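Trainee: Below: one structure in structure tokens.
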Amino acid sequence: MTAAGDPDSAYVRMANLTKKFGDFTAVDAVSLDIRRGEIFCLLGGSGSGKTTLLRMLAGFERPSGGAIHIDGEDMSAIPPYERPVNMMFQSYALFPHMSVERNIAFGLEQEGLQRAEIRRQVGDILDIVKMGGFGSRKPHQLSGGQRQRVALARALVKRPKLLLLDEPLAALDRKLREHTQFELISIQQRLGVTCIVVTHDQEEAMTLGTRLGVMNHGRIAQVGTPSDIYESPVTRFVADFIGSVNMFEGRVSEDGAECVRIRSEELGCTVRAERSVHCVGGSTVWTAIRPEKINISRHRPLAASAQRADAAENVVRGTVREIAYMGDMSIYLVQLDSGRMMRVTLPNITRGTERGFAREESVWLSWHGSSPVVLTE
Amino acid sequence: MARLTSAAGRRLIAGIPTGWLLLLFLVPFIIVFRISFSEVRLAIPPYTPLLTFRHGSPALELHWSAYQFLFTDPLYVSSYLYSLKVAAVSTLCCLAIGYPMAYAIAHAGSATRPVLLMLIVLPFWTSFLLRVYAWIGLLKNNGVINNLLMSLGVIHHPLALLQTDFAVYIGIVYSYLPFMILPLYANLEKHDAALLEAAADLGARPARAFLRITVPQSFPGIVAGSLLVFIPAVGEYVIPTLLGRTDQLMIGRVLSDEFFENRDWPVASAVAILILLLLVVPILLFQRYQRRELEGAR
């Protein structure tokens, strides 16, 4: 699958990029275009090949096949120390024997810049990452968040055409991570640097990325904006990987122009999806419904009451089995009459518990026709 | 019960080495130190007592003559300087040979690494004395090296290899090389490969990255290895005695001769005290450096 977008806007272009380690194919013919100035997030589990892809861009791994072009320039023969690419390492890889200033100056010294010029640029970048007073500290005298800023500054000060970030926020605690995400975006926009972020954390990918690429088994499963990926996944893997989802196997019973009807034994009702999919009547498909797009009620929903019980569409009966109170929302695990479990989330809008359902309570689940996503693979 | 054993246990664990050091290092040191301030006499023991009783009242008798003698006879000063030179050159040679070896072992595959380390340690299975004797067989006039070169026609008269500075350097470097390699390896093996990648990423060629990142980071290993070679090399006795020059002695040999040939215990003790002073300076420097490192390491 290739990336969408105008080929002229491709600033970083990967074409059929492949990396094999012996018999194992870590990256399998990936073609991907990155636009100038965007933050592109590569999202995948461990072993999905995302880190290998990043290391090929940095020049640490030699591709087994395919090519990388950055700003029109072929990178194949260019060693890492000559690439217009800088990386922020997951471990930060700060030089422990050098002060913060020396760490940041290191890259500029390799360019042979004048001392005064180096000092000026180091000072500027330290101010940008808000580490102005820490120049003479050693890395071990800094907190995790401060080290992360220094690592970022060290990569940014080189003014790279492409900035690579390997799990940039993984080492930070939750509160700090949220804060840093927005700060990272603001710095990136201020400097206009093109970024590729590798992460296994979908929340991080969704907030940071202008576009995401979901990787699986060395291939790009889907490329799109965060909402594209979340609302319109194209495969079961993507639907399942991003967020949580209720997935049911079914058979296409009616393939209309505006909607598809899918009969699912697992679900115990017919799903009507307001989206046309390219599928043949009678073929096996999967419907995916996000937990927050399901309505839960004590009484049979009005829209559904008009239907005959055996021909019910987008409505099922079940029993609440588990309730997880998360504060801002609650998760209900509802066992359908067919025996399958359905995950439903409800925001806790009011402080009371009147909306809350009790365990073992019999409930109706329903959803709008625009909610289900029909997947063929 | 647990508290008792932990407190008593801790005291015991700290006490054993402390007692060992007090008994076998500090006490002998004090004895030698005390002898160095006596004068030689024909008696058993062969030195004057420190405390004498004159008319019933004790009097302290301190003699500086042993130390004065050390600085009047050029033999001692030249032996000291020669020992320092031999130790320094040997240490640099060990570093020059040992660093690449330690680096190669640290970067070897996980299967070959233990084999290479084993090869470094293997010579210790043979007696140190035997290994030095073996070098006599290799270096002497009709030894292996000379015979080989003559049979090949490279030389027509045997080279004088034995009883030269060269032979001493070979002996010391050969014997002490593992003490350089092992601490260096222990250091280099811990280096984070990501740091070199970061250096490359920031534009440093491999040679520059090595000089700016690997070498400074291996400094504790360099210091530890150098001291482990330098300190015993200064006082080395066996190697220069078996392989070295007869016209220029190392201080270890002088020390032994004073004790056993001259039976001048005060002078021998003064020689020993001065060696110790010479070595204490680098040891203290190293300890200060290590303390700073520990504070920095977190």
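Order determines the names: the first chain of the structure tokens is A, the second B, and so forth; residues in each chain are numbered 1 upward, and ligands are numbered 1 upward as they are shown.
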With only C-alpha atoms counted and 12 Å as the cut-off, give the residues of region 162-210 of chain B in contact with region 113-137 of chain B, each with its shortest interatomic distance in Å and the pair that gives it, as a Markdown table.
Mentor:
| residue | atom | partner | partner_atom | distance |
| --- | --- | --- | --- | --- |
| B:Leu162 | CA | B:Ile136 | CA | 7.0 |
| B:Gln163 | CA | B:Ile136 | CA | 9.4 |
| B:Thr164 | CA | B:Ile136 | CA | 11.7 |
| B:Phe166 | CA | B:Trp135 | CA | 11.9 |
| B:Ala167 | CA | B:Trp135 | CA | 8.4 |
| B:Val168 | CA | B:Val132 | CA | 10.1 |
| B:Tyr169 | CA | B:Trp135 | CA | 11.6 |
| B:Ile170 | CA | B:Trp135 | CA | 8.7 |
| B:Gly171 | CA | B:Val132 | CA | 6.6 |
| B:Ile172 | CA | B:Val132 | CA | 9.2 |
| B:Val173 | CA | B:Val132 | CA | 11.4 |
| B:Tyr174 | CA | B:Val132 | CA | 9.1 |
| B:Ser175 | CA | B:Phe128 | CA | 7.7 |
| B:Tyr176 | CA | B:Phe128 | CA | 10.5 |
| B:Leu177 | CA | B:Ile120 | CA | 8.6 |
| B:Pro178 | CA | B:Ile120 | CA | 6.0 |
| B:Phe179 | CA | B:Ile120 | CA | 9.5 |
| B:Met180 | CA | B:Ile120 | CA | 10.6 |
| B:Ile181 | CA | B:Ile120 | CA | 8.1 |
| B:Leu182 | CA | B:Leu117 | CA | 8.3 |
| B:Pro183 | CA | B:Leu117 | CA | 11.8 |
| B:Tyr185 | CA | B:Leu117 | CA | 9.2 |
| B:Ala186 | CA | B:Leu117 | CA | 10.8 |
| B:Glu189 | CA | B:Arg113 | CA | 10.5 |
Trainee: Within 10 Å of chain A, which residues belong to chain B? Use only C-alpha atoms and report them as a VMD selection string.
Mentor: chain B and resid 192 to 206 208 212 to 213 216 to 217 293 296 to 298
Trainee: Give the strand (DSSP E or B) residues of region 37-203 of chain A, as assigned by DSSP on the backbone, as number ranges by chain.
Mentor: A: 39-44, 65-70, 73-74, 85-88, 162-166, 194-199
Trainee: From the options A:Ser370, A:Thr207, A:Thr287, A:Asn16, which residue's atoms come nearest to Glu178 (chain A), counting only C-alpha atoms?
Mentor: A:Thr207
Trainee: Where in region 128-235 of chain A does DSSP assign alpha helix (DSSP H), given as a ChimeraX atom specification?
Mentor: /A:128,144-156,174-191,202-208,226-231
Trainee: Using only C-alpha atoms, pick whichever of A:Asp228, A:Asp71, A:Asp124, A:Asp33 has the shortest atom-to-atom distance to Lys161 (chain A).
Mentor: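 The answer is A:Asp71, which sits nearest to Lys161 (chain A).
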